[in-house]
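Novice: Quick one: the structure is below, questions incoming.
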Amino acid sequence: MALEMPAGLGEALDERTAAAKLESWLQRFADSVSSDGGDPVDSLFVEDAWWRDLLTLSWDIRTFAGATEITRALEGHQTGHWGSFAVDLGAGVTVAEGDGPTTISGFFTFVTHDVKGRGFVRLFESEGRWRAWTLLTQVDGFTGVPEPVGVHRPLGLEPVAVEGRDSWWDAARRAEVDFADGNPDVVIIGAGQAGLSLAARLKVLGVPTLVLESNQRVGDNWRKRYPSLTLHDPIWVNRLPYLDYPATWPVFMPRTKFAGWLESYVDSMDLNVWTGCADTRISRGDTGQWTVEVTRDGARRVLHPRDVVVATGLNGAAHIPDIPGLAEFEGVVSHSSAFAGARDWRGKRAIVVGAGTSAHDIAQDLCEQGAEVTLVQRSTTLPVRRDVAARGYAEMYDEAGPPISDADMMMFSVPWNLLVEMQSDDRAWRDAHADLIADLERTEYKVEYGGGVMARYLSGVNGYYLDVGALRLIADGKIRVKQGVQIESVSQEFMSFADGEKISADLIVFATGYGPMEEAVRAVVGDAADGIESIHRLDDEGELTSVWRPTGVPGLWIMLGNILMARYFSRILALQIKARHLGLVAD
């Protein structure tokens with residue numbers, strides 16, 4: 001993700017000089033936030049600076065835009081709160097020189113009262129001084145409590161001899177998974193990438209956690225989708241916490257391969273997962289105690305966890321538009337979430353309704369399997385070629401890139417509102433896709449780049465597509481496009497449109513999205529969802545409401561995101577839960 005820096009001055013720098021300037025800025029910042037005697041905080045930032053703080057100021061996810069807001073945010077958090085700032089030279093200091101100003105970026109460490117933290121800052125020269133444009137600070141762990149990873153990994157042996165015992169490890173794992181003698185502290189609903197990432201983080205933090213999955217196998221939420229599905233981001237982006245993929249695996253992973261990885265991840269990370277838990281009921285009593293009723297192996301279990309996490313995905317119920325006559329259609333009607341693949345539709349006529357990724361993937365699958373396909377594109381689509389998307393990741397995620405934890409911090413040091421602002425100018429997008437746009441303009445297909453992918457994701461509109469082949473089929477006329485015309489009705493054989501055209505079909509697939517996230521949460525926790533004001537909307541500071549942070553209902557959390565988001569924000573959420581269990585912060 002290339003960053004377009006604000007205008008400023010520049011000078012040629014070697015890495016040693018850059019490190020010295022970064023250290024000087026960090027010392028001034030440390031003096032300002034650690035006492036009342038340092039430079040004014042606003043003098044350390046450019047006027048339109050951004051500071052994203054993850055848990056260090058308030059055990060919440062916050063973003064402060066502008067030097068004035070940054071100064072206000074620090075009021076009451078200065079004397080005695082911060083300490084031990086140091087440049088993380090092991091992570092390297094980066095100097096970027098180009099058409100704009102020379103920039104310096106680098107990592108640093110610090111501590112607060114009870115936690116250790118890490119930060120990442122981008123500096124450029126303004127008015128003769130090096131000032132920060134973006135700053136990220138985040139809690140990274142608890143002081144004096146190392147994670148049991150690497151050199152701190154567990155021994156794996158029981159330190160005493162026990163005559164006639166079974167394998168100590170196997171017996172311990174069975175007892176841990178069964179929770180036969182107690183309750184998990186945390187119950188996570190959903191064993192997709194979000195739920196398992198959080199379970200792994202909590203496991204490392206020593207929090208007894210149980211994941212409940214409605215499917216019979218972990219990974220079925222991917223395994224049961226249309227056969228042509230692959231992960232659209234490259235493999236370097238799509239790691240789960242603590243565990244990398246084999247070096248031989250493909251850059252773009254098929255859905256079944258990722259489904260199998262999720263299943264093996266549970267075993268490798270020793271996660272506690274119960275599958276086949278479709279009949280699960282969750283309630284919250286007047287005292288705030290959670291009750292989770294679940295059937296496992298034919299027996300009904302009642303659990304009382306301290307925390308419940310909804311990790312069932314971003315979507316509510318599958319949405320199919322209410323179209324007159326749809327019930328009269330004699331062919332097959334399916335939502336994209338239930339589409340089982342195109343192999344049985346060779347020689348048949350298919351209509352796919354939608355403008356986002358699933359619509360394009362399914363239309364391509366049908367076309368490749370020999371169906372006659374019409375894509376009904378009711379709105380517009382922001383298409384991104386795979387090579388263009390890969391270039392956006394190349395600075396941080398590739399085979400020779402930085403450690404994944406560093407790459408994630410660089411990625412999420414850019415707050416959502418700033419990322420939307422950076423993507424708002426569509427000229428760069430159009431230039432990168434000029435040939436593709438010219439080809440598509442010969443069809444009915446409509447392209448719209450204004451606002452960028454992230455703006456569409458955050459607004460819930462979606463309507464973007466990372467191309468894996470459908471656009472060439474559209475440009476070549478192999479997938480027909482019906483664009484921007486209202487669907488009036490469906491009859492036994494036809495879909496009728498406002499311009500008078502009727503398209504005959506044997507199959508209609510609606511890739512028309514889902515209900516709101518609020519529906520999904522309510523389906524899991526019932527009336528306890530009443531205390532949540534909103535979910536997955538940007539608040540006044542530009543952070544997502546109720547996601548990876550307090551929901552307004554004590555002990556209720558929401559964990560979601562693609563694999564990249566799940567990996568990064570699972571740490572942030574796990575630390576919040578652990579801090580409450582340690583008594584460092586109250587609900």
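Residues are named by chain letter and number: chains run A, B, ... in the order of the structure tokens, numbers start at 1 in each chain, and ligands are numbered from 1 in the order shown.
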Name the residues in contact with stretch 23-26 of chain A at a cut-off of 10 Å, using only C-alpha atoms, excluding same-chain residues fewer than 2 positions from it; report them as a PyMOL selection string.
Specialist: chain A and resi 17-21+28-32+44+85-89+106+108+121+123+129-132
Novice: With DSSP run on the backbone, what are the strand (DSSP E) residues within stretch 262-427 of chain A? I'd like them as JSON, numbers by chain.
Specialist: {"A": [273, 274, 280, 281, 282, 283, 284, 290, 291, 292, 293, 294, 295, 296, 299, 300, 301, 302, 303, 307, 308, 309, 310, 332, 333, 334, 335, 349, 350, 351, 352, 353, 372, 373, 374, 375, 376, 377, 382, 383, 384, 385]}
Novice: Considering only C-alpha atoms, state which residue in the set A:Gly583, A:Gly452, A:Gly195, A:Pro148 is at the smallest distance from A:Val420.
Specialist: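 Result for the nearest residue to A:Val420: A:Gly452.
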Novice: Considering only C-alpha atoms, state which residue in the set A:Ala350, A:Met565, A:Val485, A:Ala475 is at the smallest distance from A:Arg442.
Specialist: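 For A:Arg442, the nearest of the candidates is A:Ala475.
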Novice: I need the helix (DSSP H, G or I) residues of stretch 421-477 of chain A per DSSP on the backbone, written as a PyMOL selection string.
Specialist: chain A and resi 421-423+427-432+434-440+452-459+470-475
Novice: Which residue, A:Leu74, A:Ala523, A:Leu471, A:Leu136, has the smallest gap to A:Ala317 when you use only C-alpha atoms?
Specialist: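 Going through A:Leu74, A:Ala523, A:Leu471, A:Leu136 one by one, the smallest distance to A:Ala317 is for A:Ala523.
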Novice: Neighbouring residues of stretch 515-522 of chain A were defined as those with any atom within 8 Å, considering only C-alpha atoms; residues of the same chain fewer than 3 positions away were excluded. Please report them as a list in words.
Specialist: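 Contacts, in chain order: Val310, Thr312, Leu314, Asn315, Gly316, Ala317, Ala318, His319, Val525, Gly526, Asp527, Ala528, Ala529, Ser534, Ile535 and His536 of chain A.
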Novice: Report the distance between atom CA of A:Gly192 and atom CA of A:Tyr568 in Å, rounded to one decimal place.
Specialist: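 Rounded to one decimal, the two atoms are 15.0 Å apart.
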Novice: Would you mind listing what lies within 8 Å of A:Ala259 as a PyMOL selection string, with only C-alpha atoms counted and same-chain residues fewer than 5 positions away left out?
Specialist: chain A and resi 218-223
Novice: Please dump the current selection as a JSON list (two decimals), in the first residue's frame; keep C-alpha atoms.
Specialist:
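Saved as selection_10.json:
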[["chain", "number", "residue", "atom", "x", "y", "z"],
["A", 218, "VAL", "CA", -13.95, -26.81, 11.00],
["A", 219, "GLY", "CA", -13.50, -25.16, 7.60],
["A", 220, "ASP", "CA", -16.94, -26.11, 6.26],
["A", 221, "ASN", "CA", -17.84, -22.42, 5.97],
["A", 222, "TRP", "CA", -15.23, -22.37, 3.15],
["A", 223, "ARG", "CA", -15.45, -26.00, 2.05]]
